[in-house]
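Enquirer: Next comes the structure file work_3.cif, holding mmCIF, C-alpha atoms and all ligand atoms.
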data_target
#
loop_
_atom_site.label_atom_id
_atom_site.label_comp_id
_atom_site.auth_asym_id
_atom_site.auth_seq_id
_atom_site.Cartn_x
_atom_site.Cartn_y
_atom_site.Cartn_z
CA MET A 275 30.93 6.81 95.38
CA SER A 276 33.83 4.84 94.05
CA SER A 277 34.32 4.74 90.37
CA ALA A 278 36.00 1.37 90.88
CA LEU A 279 32.62 -0.29 90.77
CA GLN A 280 32.05 1.02 87.28
CA ALA A 281 34.79 -1.19 86.01
CA GLY A 282 35.37 -1.46 82.32
CA PRO A 283 35.37 -4.75 80.49
CA LEU A 284 37.89 -7.31 81.60
CA THR A 285 40.89 -8.10 79.49
CA LEU A 286 39.51 -11.60 79.21
CA SER A 287 38.43 -10.71 75.75
CA LYS A 288 35.83 -12.83 74.05
CA LYS A 289 37.20 -12.01 70.65
CA ARG A 290 40.82 -12.78 71.19
CA PRO A 291 41.60 -16.25 69.90
CA ALA A 292 43.36 -18.58 72.26
CA ALA A 293 46.24 -18.46 69.84
CA ASP A 294 48.45 -20.74 71.86
CA ASP A 295 46.03 -23.49 71.12
CA ASP A 296 45.82 -25.59 68.07
CA ALA A 297 42.05 -25.53 68.13
CA SER A 298 41.33 -23.49 65.03
CA SER A 299 43.72 -25.38 62.85
CA MET A 300 42.71 -28.77 64.10
CA GLU A 301 38.97 -28.35 64.08
CA GLY A 302 37.43 -30.71 61.62
CA SER A 303 40.69 -32.37 60.65
CA ARG A 304 40.62 -36.06 61.19
CA GLY A 305 43.61 -38.00 62.33
CA PRO A 306 44.55 -41.39 60.95
CA LYS A 307 42.38 -44.31 61.92
CA VAL A 308 43.08 -45.62 65.36
CA ALA A 309 42.80 -49.31 66.14
CA LYS A 310 39.56 -50.04 67.97
CA VAL A 311 39.91 -51.11 71.57
CA HIS A 312 37.12 -52.98 73.23
CA PRO A 313 35.34 -50.58 75.64
CA PHE A 314 35.93 -53.12 78.39
CA PHE A 315 39.63 -52.30 78.22
CA SER A 316 39.46 -48.58 77.60
CA ASN A 317 37.11 -45.73 78.46
CA SER A 318 38.40 -43.78 75.54
CA PRO A 319 38.53 -45.61 72.23
CA LYS A 320 40.14 -42.50 70.69
CA GLU A 321 43.49 -42.75 72.47
CA PRO A 322 46.34 -42.17 70.04
CA LYS A 323 48.93 -44.79 69.35
CA THR A 324 52.07 -44.62 71.45
CA THR A 325 55.00 -43.67 69.32
CA GLY A 326 58.37 -45.25 70.07
CA THR A 327 59.87 -43.80 73.22
CA PHE A 328 56.99 -41.46 73.98
CA GLN A 329 54.14 -42.31 76.33
CA TRP A 330 51.08 -40.42 77.50
CA GLN A 331 50.68 -40.89 81.24
CA LYS A 332 47.58 -40.66 83.38
CA PRO A 333 46.20 -37.09 83.18
CA LEU A 334 46.72 -34.98 86.29
CA GLY A 335 44.33 -32.93 88.39
CA ALA A 336 40.90 -33.55 89.88
CA ARG A 337 39.27 -33.24 86.45
CA GLY A 338 42.12 -34.80 84.49
CA SER A 339 42.60 -31.48 82.74
CA CYS A 340 46.40 -31.55 82.81
CA LEU A 341 47.77 -34.00 80.27
CA HIS A 342 51.13 -35.48 81.10
CA GLY A 343 53.47 -37.30 78.74
CA THR A 344 57.02 -38.57 78.95
CA ASN A 345 59.71 -39.29 76.39
CA LEU A 346 62.14 -42.02 77.50
CA THR A 347 62.59 -41.87 81.28
CA PRO A 348 62.99 -38.22 82.26
CA VAL A 349 65.40 -37.72 85.14
CA CYS A 350 64.46 -35.10 87.72
CA SER A 351 67.22 -32.51 87.87
CA SER A 352 67.30 -29.34 89.94
CA LYS A 353 67.91 -27.47 86.67
CA VAL A 354 64.74 -27.20 84.60
CA ALA A 355 64.68 -25.98 81.00
CA ALA A 356 61.00 -25.33 80.28
CA PHE A 357 59.57 -24.52 76.86
CA ASP A 358 56.26 -23.51 75.43
CA LEU A 359 55.38 -25.66 72.39
CA ASP A 360 53.55 -23.78 69.62
CA GLY A 361 55.54 -20.87 68.23
CA THR A 362 58.49 -21.77 70.47
CA LEU A 363 59.74 -25.33 69.85
CA ILE A 364 57.61 -25.87 66.77
CA LYS A 365 56.03 -23.56 64.24
CA PRO A 366 52.53 -22.45 65.18
CA SER A 367 49.61 -24.29 63.59
CA PHE A 368 47.93 -21.09 62.51
CA GLY A 369 48.65 -17.41 62.13
CA LYS A 370 51.97 -15.94 60.99
CA GLY A 371 54.54 -18.57 59.98
CA ALA A 372 52.12 -21.46 60.48
CA VAL A 373 52.77 -24.92 59.06
CA LYS A 374 50.54 -26.15 56.29
CA LYS A 375 47.77 -28.44 57.43
CA ALA A 376 48.21 -32.13 56.73
CA SER A 377 46.02 -33.60 54.03
CA LYS A 378 43.21 -35.88 55.06
CA GLY A 379 44.43 -39.20 56.39
CA ALA A 380 48.07 -38.07 56.62
CA PRO A 381 49.88 -37.82 59.95
CA PRO A 382 49.58 -34.43 61.68
CA ALA A 383 51.91 -31.83 60.15
CA TRP A 384 54.51 -30.05 62.23
CA GLU A 385 57.95 -28.43 61.86
CA TRP A 386 60.59 -27.31 64.31
CA TRP A 387 60.49 -23.56 64.94
CA ARG A 388 64.08 -23.45 63.62
CA ASP A 389 66.31 -26.30 62.46
CA THR A 390 68.60 -25.68 65.44
CA VAL A 391 65.94 -26.45 68.06
CA PRO A 392 66.55 -30.23 68.37
CA HIS A 393 70.29 -29.61 68.67
CA ALA A 394 69.68 -27.06 71.46
CA LEU A 395 67.53 -29.60 73.32
CA GLU A 396 70.25 -32.23 72.97
CA GLU A 397 72.78 -29.75 74.42
CA LEU A 398 70.53 -29.10 77.41
CA ARG A 399 70.30 -32.83 78.03
CA LEU A 400 74.10 -33.06 78.00
CA GLU A 401 74.27 -30.17 80.45
CA GLY A 402 72.04 -32.07 82.86
CA TYR A 403 68.82 -30.12 82.48
CA SER A 404 65.37 -31.62 82.87
CA ILE A 405 63.55 -30.66 79.70
CA VAL A 406 59.90 -29.81 80.17
CA ILE A 407 57.24 -28.63 77.70
CA ILE A 408 54.44 -26.48 79.10
CA SER A 409 51.55 -26.00 76.69
CA ASN A 410 48.02 -24.59 76.66
CA GLN A 411 45.79 -26.80 74.52
CA ALA A 412 42.10 -26.15 75.15
CA ILE A 413 40.99 -28.64 72.52
CA LYS A 414 38.74 -31.66 72.59
CA GLY A 415 37.81 -34.76 70.67
CA THR A 416 39.51 -35.52 67.37
CA SER A 417 41.61 -32.36 67.54
CA LEU A 418 43.03 -33.45 70.87
CA THR A 419 43.70 -36.99 69.62
CA THR A 420 45.52 -35.61 66.58
CA TRP A 421 47.51 -33.24 68.77
CA LYS A 422 48.51 -36.03 71.15
CA GLU A 423 49.67 -38.03 68.19
CA LYS A 424 51.70 -35.06 66.94
CA VAL A 425 53.59 -34.89 70.25
CA GLY A 426 54.55 -38.54 69.75
CA LEU A 427 55.86 -37.68 66.26
CA ILE A 428 57.91 -34.78 67.65
CA ALA A 429 59.38 -37.07 70.32
CA ALA A 430 60.29 -39.66 67.68
CA THR A 431 62.65 -37.18 66.02
CA ILE A 432 64.61 -36.61 69.25
CA PRO A 433 64.83 -40.21 70.48
CA SER A 434 67.77 -39.49 72.78
CA VAL A 435 66.23 -36.49 74.56
CA PRO A 436 64.14 -37.36 77.61
CA PHE A 437 61.42 -34.81 78.32
CA GLN A 438 58.10 -34.38 80.02
CA ILE A 439 55.17 -32.51 78.56
CA PHE A 440 52.32 -30.92 80.46
CA ALA A 441 49.30 -29.65 78.56
CA ALA A 442 46.36 -27.73 80.00
CA VAL A 443 43.25 -28.82 78.13
CA ALA A 444 40.69 -26.78 80.07
CA LYS A 445 40.37 -23.21 81.27
CA ASP A 446 41.32 -23.87 84.86
CA GLU A 447 44.26 -23.75 87.27
CA TYR A 448 46.52 -25.42 84.72
CA ARG A 449 46.08 -22.90 81.96
CA LYS A 450 49.02 -20.51 81.61
CA PRO A 451 49.56 -18.00 83.18
CA MET A 452 47.99 -19.94 86.05
CA PRO A 453 50.87 -21.82 87.71
CA GLY A 454 49.19 -25.27 87.95
CA MET A 455 51.49 -27.10 85.52
CA TRP A 456 54.54 -25.85 87.43
CA ASN A 457 52.96 -27.02 90.69
CA GLU A 458 52.54 -30.51 89.23
CA LEU A 459 56.14 -30.47 88.04
CA THR A 460 57.51 -29.42 91.43
CA ARG A 461 55.35 -32.08 93.10
CA ILE A 462 56.69 -34.82 90.81
CA PHE A 463 60.27 -33.67 91.38
CA LYS A 464 59.73 -33.51 95.15
CA GLU A 465 58.49 -37.09 95.13
CA ASP A 466 61.86 -37.88 93.59
CA GLY A 467 63.63 -35.92 96.32
CA ILE A 468 64.55 -33.04 93.99
CA GLU A 469 64.02 -29.39 94.82
CA ILE A 470 64.04 -27.28 91.65
CA ASP A 471 66.63 -24.48 91.65
CA ARG A 472 64.68 -21.54 90.27
CA THR A 473 67.75 -19.39 89.65
CA VAL A 474 69.26 -21.77 87.11
CA SER A 475 65.96 -22.92 85.62
CA PHE A 476 64.19 -20.95 82.89
CA PHE A 477 61.19 -20.81 80.60
CA VAL A 478 61.10 -19.96 76.89
CA GLY A 479 57.85 -18.84 75.27
CA ASP A 480 56.57 -16.72 72.40
CA ALA A 481 53.56 -15.18 74.19
CA ALA A 482 55.76 -12.46 75.62
CA GLY A 483 53.76 -9.24 75.30
CA ARG A 484 55.95 -7.86 72.50
CA ASP A 485 54.52 -5.80 69.66
CA GLY A 486 52.61 -8.27 67.53
CA ASP A 487 52.49 -11.03 70.17
CA PHE A 488 48.98 -12.41 70.60
CA ALA A 489 49.39 -12.49 74.39
CA SER A 490 51.84 -12.27 77.25
CA THR A 491 50.80 -15.47 79.02
CA ASP A 492 54.22 -17.12 78.77
CA ARG A 493 56.04 -14.18 80.31
CA LYS A 494 53.40 -13.91 83.05
CA TRP A 495 53.71 -17.62 83.75
CA ALA A 496 57.48 -17.28 84.26
CA LEU A 497 56.86 -14.31 86.57
CA ASN A 498 54.30 -16.33 88.52
CA VAL A 499 56.55 -19.32 89.03
CA ASP A 500 59.51 -17.01 89.53
CA ILE A 501 62.03 -18.29 86.98
CA PRO A 502 63.96 -16.38 84.27
CA PHE A 503 62.15 -15.93 80.96
CA PHE A 504 63.34 -15.80 77.35
CA THR A 505 61.62 -15.45 74.01
CA PRO A 506 62.49 -18.07 71.35
CA GLU A 507 64.51 -15.39 69.52
CA GLU A 508 66.48 -14.59 72.66
CA TYR A 509 67.09 -18.20 73.58
CA PHE A 510 67.59 -20.02 70.27
CA LEU A 511 68.85 -17.14 68.09
CA LYS A 512 70.81 -15.36 70.85
CA GLN A 513 69.13 -12.07 70.02
CA PRO A 514 69.46 -9.29 72.61
CA VAL A 515 66.96 -9.42 75.45
CA GLN A 516 63.90 -7.31 74.66
CA THR A 517 63.00 -4.90 77.38
CA LYS A 518 60.02 -3.53 75.53
CA PHE A 519 56.92 -5.55 76.28
CA LYS A 520 53.50 -5.03 77.76
CA LEU A 521 51.75 -7.16 80.33
CA ASP A 522 48.10 -6.35 80.04
CA GLY A 523 45.23 -7.22 82.29
CA PHE A 524 44.62 -6.97 85.97
CA ASN A 525 47.47 -7.11 88.43
CA VAL A 526 47.04 -6.60 92.16
CA ALA A 527 50.23 -4.51 92.27
CA ASP A 528 48.23 -1.73 90.59
CA LEU A 529 45.63 -1.53 93.36
CA SER A 530 45.76 1.66 95.38
CA GLN A 531 46.03 1.38 99.14
CA LEU A 532 42.88 2.74 100.76
CA PRO A 533 41.65 2.59 104.34
CA LEU A 534 39.29 -0.31 105.00
CA PHE A 535 36.30 1.91 105.81
CA SER A 536 35.53 5.30 104.39
CA PRO A 537 34.48 7.62 105.82
CA ALA A 538 36.59 6.44 108.73
CA HIS A 539 35.35 8.90 111.33
CA THR A 540 31.86 7.38 111.72
CA PRO A 541 31.72 4.15 113.76
CA VAL A 542 31.24 0.76 112.11
CA ILE A 543 28.95 -0.24 114.95
CA PRO A 544 26.89 2.63 116.42
CA GLU A 545 27.46 3.53 120.07
CA PRO A 546 25.23 3.33 122.01
CA ARG A 547 24.03 0.19 120.26
CA LYS A 548 20.61 0.25 118.58
CA GLN A 549 18.75 -2.18 116.40
CA GLU A 550 19.42 -1.77 112.66
CA ILE A 551 19.70 -3.41 109.28
CA VAL A 552 23.05 -3.30 107.48
CA LEU A 553 22.86 -3.86 103.75
CA PHE A 554 25.98 -4.96 101.85
CA VAL A 555 26.46 -4.15 98.16
CA GLY A 556 29.25 -5.53 95.99
CA TYR A 557 30.62 -8.18 93.66
CA PRO A 558 31.02 -11.75 94.81
CA GLY A 559 34.49 -12.24 96.27
CA VAL A 560 35.36 -8.74 97.46
CA GLY A 561 35.37 -9.58 101.16
CA LYS A 562 31.73 -9.18 102.21
CA SER A 563 31.43 -12.36 104.27
CA THR A 564 34.79 -11.81 105.97
CA ILE A 565 33.83 -8.27 107.04
CA CYS A 566 30.41 -9.50 108.17
CA GLU A 567 31.94 -12.20 110.32
CA ARG A 568 34.63 -10.03 111.84
CA TYR A 569 32.78 -6.77 112.50
CA PHE A 570 29.11 -7.72 112.80
CA VAL A 571 28.54 -11.36 113.71
CA SER A 572 31.11 -10.92 116.48
CA LYS A 573 28.87 -8.10 117.83
CA GLY A 574 25.69 -10.20 117.76
CA TYR A 575 24.39 -9.26 114.31
CA GLU A 576 22.63 -11.95 112.39
CA HIS A 577 24.26 -12.97 109.10
CA ILE A 578 21.69 -13.22 106.32
CA ASN A 579 23.02 -14.61 103.06
CA GLN A 580 21.25 -15.90 99.99
CA ASP A 581 23.94 -18.49 99.20
CA THR A 582 23.07 -20.11 102.53
CA LEU A 583 19.31 -19.51 102.56
CA GLY A 584 18.71 -20.23 98.89
CA THR A 585 16.18 -17.59 97.79
CA ARG A 586 15.47 -13.90 98.24
CA PRO A 587 12.05 -14.48 99.88
CA LYS A 588 13.88 -16.53 102.50
CA CYS A 589 16.34 -13.64 103.05
CA VAL A 590 13.45 -11.18 103.34
CA ALA A 591 11.70 -13.46 105.84
CA ALA A 592 14.92 -13.84 107.86
CA VAL A 593 15.31 -10.03 108.06
CA GLU A 594 11.65 -9.70 109.20
CA LYS A 595 12.23 -12.33 111.85
CA SER A 596 15.38 -10.60 113.06
CA MET A 597 13.43 -7.33 113.36
CA GLN A 598 10.61 -9.02 115.26
CA GLU A 599 13.12 -10.52 117.67
CA GLY A 600 14.78 -7.17 118.28
CA THR A 601 18.17 -8.17 116.85
CA SER A 602 20.24 -6.41 114.22
CA CYS A 603 21.22 -8.11 111.00
CA VAL A 604 23.47 -7.86 107.95
CA VAL A 605 22.13 -8.67 104.49
CA ASP A 606 25.29 -10.09 102.94
CA ASN A 607 24.18 -10.35 99.30
CA THR A 608 25.39 -8.58 96.16
CA ASN A 609 22.26 -6.30 96.26
CA ARG A 610 23.07 -4.83 92.89
CA ASP A 611 20.10 -2.57 92.16
CA VAL A 612 17.53 -0.28 93.77
CA ARG A 613 14.73 -2.79 93.26
CA THR A 614 16.59 -5.57 95.14
CA ARG A 615 17.61 -3.27 97.97
CA LYS A 616 14.07 -1.89 98.35
CA TYR A 617 12.86 -5.17 99.89
CA TYR A 618 15.10 -4.49 102.87
CA VAL A 619 14.58 -0.71 102.98
CA ASP A 620 10.83 -1.41 103.20
CA ILE A 621 11.32 -3.74 106.18
CA ALA A 622 13.41 -1.06 107.94
CA ARG A 623 10.59 1.45 107.37
CA LYS A 624 7.98 -0.99 108.59
CA PHE A 625 9.87 -1.66 111.82
CA GLU A 626 11.10 1.94 112.12
CA VAL A 627 14.75 0.94 112.45
CA PRO A 628 17.64 2.61 110.59
CA ILE A 629 19.21 0.90 107.60
CA ARG A 630 22.82 1.55 106.60
CA CYS A 631 24.41 0.62 103.31
CA PHE A 632 28.01 -0.68 103.07
CA VAL A 633 29.31 -0.53 99.51
CA PHE A 634 32.27 -2.81 98.77
CA THR A 635 34.30 -0.89 96.20
CA GLY A 636 36.34 -3.79 94.78
CA SER A 637 36.19 -3.75 90.97
CA MET A 638 34.99 -6.52 88.71
CA GLU A 639 38.61 -7.31 87.80
CA LEU A 640 39.52 -7.69 91.47
CA ALA A 641 36.42 -9.79 92.16
CA TRP A 642 37.22 -12.15 89.28
CA HIS A 643 40.86 -12.33 90.37
CA ASN A 644 39.86 -13.24 93.93
CA ASN A 645 37.51 -15.84 92.50
CA LEU A 646 40.35 -17.46 90.54
CA TYR A 647 42.61 -17.30 93.58
CA ARG A 648 40.11 -19.03 95.88
CA ALA A 649 39.14 -21.69 93.39
CA TYR A 650 42.54 -22.38 91.83
CA ASN A 651 45.51 -20.85 93.55
CA LEU A 652 45.34 -21.23 97.33
CA PRO A 653 48.66 -22.51 98.65
CA LEU A 654 48.54 -26.17 99.64
CA SER A 655 49.42 -25.21 103.20
CA SER A 656 46.23 -23.10 103.43
CA ALA A 657 43.89 -25.72 102.06
CA SER A 658 42.98 -27.08 105.47
CA ARG A 659 42.54 -23.65 107.05
CA GLN A 660 40.89 -21.75 104.26
CA GLU A 661 37.90 -23.02 102.42
CA LYS A 662 38.56 -23.74 98.75
CA ARG A 663 35.59 -22.47 96.78
CA ASP A 664 34.18 -23.49 93.46
CA LEU A 665 34.68 -20.99 90.71
CA VAL A 666 31.79 -18.52 90.51
CA PRO A 667 30.81 -18.29 86.82
CA TYR A 668 32.00 -15.25 84.87
CA LEU A 669 28.38 -14.43 84.09
CA ALA A 670 27.75 -13.62 87.77
CA PHE A 671 30.28 -10.79 87.49
CA THR A 672 29.15 -9.35 84.17
CA SER A 673 25.51 -9.48 85.16
CA PHE A 674 26.31 -7.60 88.38
CA ARG A 675 28.23 -5.00 86.38
CA ASN A 676 25.49 -4.63 83.78
CA SER A 677 22.65 -4.12 86.23
CA TYR A 678 24.55 -2.25 88.95
CA GLU A 679 22.90 0.88 90.35
CA GLU A 680 24.97 2.95 92.74
CA PRO A 681 23.28 3.19 96.16
CA SER A 682 22.07 6.66 97.10
CA LEU A 683 20.85 8.12 100.41
CA SER A 684 17.56 8.88 98.67
CA GLU A 685 16.79 5.14 98.81
CA GLY A 686 16.35 5.59 102.57
CA TYR A 687 19.71 4.84 104.22
CA SER A 688 20.89 6.72 107.29
CA GLU A 689 24.49 6.30 106.06
CA ILE A 690 26.43 4.91 103.13
CA LYS A 691 29.91 3.64 103.94
CA GLN A 692 32.51 2.34 101.54
CA VAL A 693 34.49 -0.78 102.29
CA ASN A 694 37.79 -1.04 100.43
CA TRP A 695 39.57 -4.29 99.70
CA ILE A 696 42.60 -5.12 101.79
CA PHE A 697 44.22 -8.52 101.37
CA GLU A 698 44.69 -10.49 104.54
CA GLY A 699 46.63 -13.71 104.76
CA THR A 700 50.00 -15.30 105.31
CA GLU A 701 53.07 -14.33 103.24
CA GLU A 702 52.61 -17.46 101.16
CA GLU A 703 48.94 -16.69 100.57
CA LYS A 704 49.82 -13.14 99.56
CA LYS A 705 52.42 -14.44 97.10
CA ASN A 706 49.84 -16.70 95.43
CA TRP A 707 47.18 -14.01 95.45
CA SER A 708 49.63 -11.52 93.88
CA MET A 709 50.24 -13.69 90.81
CA TRP A 710 48.86 -13.04 87.34
CA LEU A 711 45.65 -15.05 87.54
CA GLN A 712 43.89 -14.93 84.22
CA ILE A 713 41.90 -17.21 82.05
CA GLU A 714 42.14 -15.85 78.57
CA GLY A 715 39.65 -16.36 75.81
CA LYS A 716 36.79 -16.58 78.26
MG MG A 801 53.19 -20.40 72.03
#
Would you mind giving the structure from this file in structure tokens?
Ligand SMILES: [Mg+2]
Expert:
Amino acid sequence: MSSALQAGPLTLSKKRPAADDDASSMEGSRGPKVAKVHPFFSNSPKEPKTTGTFQWQKPLGARGSCLHGTNLTPVCSSKVAAFDLDGTLIKPSFGKGAVKKASKGAPPAWEWWRDTVPHALEELRLEGYSIVIISNQAIKGTSLTTWKEKVGLIAATIPSVPFQIFAAVAKDEYRKPMPGMWNELTRIFKEDGIEIDRTVSFFVGDAAGRDGDFASTDRKWALNVDIPFFTPEEYFLKQPVQTKFKLDGFNVADLSQLPLFSPAHTPVIPEPRKQEIVLFVGYPGVGKSTICERYFVSKGYEHINQDTLGTRPKCVAAVEKSMQEGTSCVVDNTNRDVRTRKYYVDIARKFEVPIRCFVFTGSMELAWHNNLYRAYNLPLSSASRQEKRDLVPYLAFTSFRNSYEEPSLSEGYSEIKQVNWIFEGTEEEKKNWSMWLQIEGK
């Protein structure tokens, strides 16, 4: 049986701090008092003051989880100079080289990463670049208000530099390395009739996978959106380009190419046809329903699925009914352990029909990746054709892994077949699926 199912823990480490975020430094710090607005005029009485030329715009995305702000009136240019914020344009708020926290009641503290940064931004403006800040900020409440105010203060020191800022405040399609903020940017530029030239655009970030970097999300983000990448040292200090870095975590490029079914010499559908139960086993999102539809439903098998029916007793009853009616069926559930599978093995015994087990070998990392792809990264062009699914909670994957028992012939199957994952889709879908899709700090 495949060892792929015995996947190790994901790289979505619980312990690793989301170091790109200001959360830990901001927690508990209170920003200056904000003038009260009558609730009739505002849903959020905590909105920060607008500072000079800077303005927070309406948040983007279905859940408003992508903040969007503008300094002056940014012009859309085909050349985009994109920057991470913390540890890139400004000093980080915690960790090595962090700025000292502001005292209570004082404006939020911040410092440029190096004194030359504002000058470099001014140069880019003169060269006709659109300047864009791309930041992960999974913070809420007072911390978020303080942070939003800080961005206004930063903008106030470069009053002649128009820029846009995008900030992902949730762990969703906007969070780097997920490409959501870039998608919003390209959409906004398109509305202005501007197609971004990726070859002359670039992204600078400090989460670059170097020794001592807390993550590699910035470098992965640049790879995902397919623009050149620099570290702050390379870009602002003109240091030589570092070729030594590590991109950790799951990447589909590392998957080995296996045949869809193994063993391949036994038929998927027995000839001559006879009544049977086919039991699927595997993580959510590793292709079970697609295989069921294509190979079994098309041959008259009944599709039995707990997501549709609601409960296991209903699935068990549906299998019984299928047996009584003389039809074959597929139990398309995760069927993680012997106890769960026994319900169906017992029905096969009772009706004296064979039961075969199809084990989907896709690992937990692949399953989670596919989950992120379907919920967050389908190309727009596929949205009408392919069903966008809600994100299946991470717990569904870990609980499968923790209680998984490898199927064995001794449970009563006439055959156990492995089904290996093969991506199917258009070129554009494959490009989006092949990206680094990770939500760190889960
Ligand atoms: Mg950073």
Enquirer: So, counting all atoms listed in the file, which residue among A:Ser490, A:Ser655, A:Gln329, A:Gln438 is closest to ligand MG 801 (chain A)?
Expert: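 The closest residue to ligand MG 801 (chain A) is A:Ser490.
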Enquirer: Using only C-alpha atoms and all ligand atoms, which residues of chain A come within 12 Å of ligand MG 801 (chain A), and what is the closest atom pair for each, with the distance in Å to one decimal? Give it as a Markdown table, sorted by chain and residue number.
Expert:
| residue | atom | partner | partner_atom | distance |
| --- | --- | --- | --- | --- |
| A:Ala292 | CA | A:MG801 | MG | 10.0 |
| A:Ala293 | CA | A:MG801 | MG | 7.5 |
| A:Asp294 | CA | A:MG801 | MG | 4.8 |
| A:Asp295 | CA | A:MG801 | MG | 7.9 |
| A:Asp296 | CA | A:MG801 | MG | 9.8 |
| A:Phe357 | CA | A:MG801 | MG | 9.0 |
| A:Asp358 | CA | A:MG801 | MG | 5.5 |
| A:Leu359 | CA | A:MG801 | MG | 5.7 |
| A:Asp360 | CA | A:MG801 | MG | 4.2 |
| A:Gly361 | CA | A:MG801 | MG | 4.5 |
| A:Thr362 | CA | A:MG801 | MG | 5.7 |
| A:Leu363 | CA | A:MG801 | MG | 8.5 |
| A:Ile364 | CA | A:MG801 | MG | 8.8 |
| A:Lys365 | CA | A:MG801 | MG | 8.9 |
| A:Pro366 | CA | A:MG801 | MG | 7.2 |
| A:Ser367 | CA | A:MG801 | MG | 10.0 |
| A:Phe368 | CA | A:MG801 | MG | 10.9 |
| A:Gly369 | CA | A:MG801 | MG | 11.3 |
| A:Lys370 | CA | A:MG801 | MG | 12.0 |
| A:Ala372 | CA | A:MG801 | MG | 11.6 |
| A:Trp387 | CA | A:MG801 | MG | 10.7 |
| A:Ile407 | CA | A:MG801 | MG | 10.8 |
| A:Ile408 | CA | A:MG801 | MG | 9.4 |
| A:Ser409 | CA | A:MG801 | MG | 7.5 |
| A:Asn410 | CA | A:MG801 | MG | 8.1 |
| A:Gln411 | CA | A:MG801 | MG | 10.1 |
| A:Ala441 | CA | A:MG801 | MG | 12.0 |
| A:Lys450 | CA | A:MG801 | MG | 10.4 |
| A:Pro451 | CA | A:MG801 | MG | 12.0 |
| A:Phe477 | CA | A:MG801 | MG | 11.7 |
| A:Val478 | CA | A:MG801 | MG | 9.3 |
| A:Gly479 | CA | A:MG801 | MG | 5.9 |
| A:Asp480 | CA | A:MG801 | MG | 5.0 |
| A:Ala481 | CA | A:MG801 | MG | 5.7 |
| A:Ala482 | CA | A:MG801 | MG | 9.1 |
| A:Gly483 | CA | A:MG801 | MG | 11.6 |
| A:Asp487 | CA | A:MG801 | MG | 9.6 |
| A:Phe488 | CA | A:MG801 | MG | 9.1 |
| A:Ala489 | CA | A:MG801 | MG | 9.1 |
| A:Ser490 | CA | A:MG801 | MG | 9.8 |
| A:Thr491 | CA | A:MG801 | MG | 8.9 |
| A:Asp492 | CA | A:MG801 | MG | 7.6 |
| A:Arg493 | CA | A:MG801 | MG | 10.7 |
| A:Thr505 | CA | A:MG801 | MG | 10.0 |
| A:Pro506 | CA | A:MG801 | MG | 9.6 |
Enquirer: Just to confirm, what's the straight-line distance from CA of Phe463 (chain A) to CA of Val349 (chain A) in Å (one decimal)?
Expert: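 Distance between the two atoms: 9.0 Å.
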Enquirer: Within 12 Å of region 689-692 of chain A, counting all atoms listed in the file, which residues show up once you throw out same-chain ones fewer than 4 positions away? Write them as number ranges by chain, please.
Expert: A: 275-279, 532-544, 550-556, 562, 628-636, 680-685
Enquirer: Around the point (67.6, -21.4, 85.8) in the file's coordinates, collect all residues with an atom within 8 Å, using all atoms listed in the file, and return them as an MDAnalysis selection string.
Expert: chainID A and resid 353:355 471:476 501:502
Enquirer: Select, from A:Asp500, A:Leu640, A:Arg337, A:Thr327, the residue with the minimum atom-to-atom distance to Ile696 (chain A), counting all atoms listed in the file.
Expert: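 Looking at the shortest contact to Ile696 (chain A), the residue is A:Leu640.
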Enquirer: Between A:Ile432, A:Pro381, A:Gly338, A:Ser572, which has the minimum distance to Gly326 (chain A) (counting only C-alpha atoms)?
Expert: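 That would be A:Ile432, the residue with the smallest distance to Gly326 (chain A).
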Enquirer: Using only C-alpha atoms for the distances, tell me which of A:Phe674, A:Tyr668, A:Phe697, A:Phe503 is nearest to Gln712 (chain A).
Expert: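 Of the candidates, the smallest distance to Gln712 (chain A) is held by A:Tyr668.
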Enquirer: Got a sec to check which residues sit within 12 Å of (29.6, -11.7, 86.9), counting only C-alpha atoms, and write them as a count of residues only?
Expert: 31
Enquirer: Between A:Asp528, A:Asp664, A:Glu679, A:Glu385, which is the closest to Asp446 (chain A) once you count only C-alpha atoms?
Expert: A:Asp664
Enquirer: Between CA of Glu567 (chain A) and CA of Cys603 (chain A), what is the distance in Å, rounded to a tenth?
Expert: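 CA of Glu567 (chain A) sits 11.5 Å away from CA of Cys603 (chain A).
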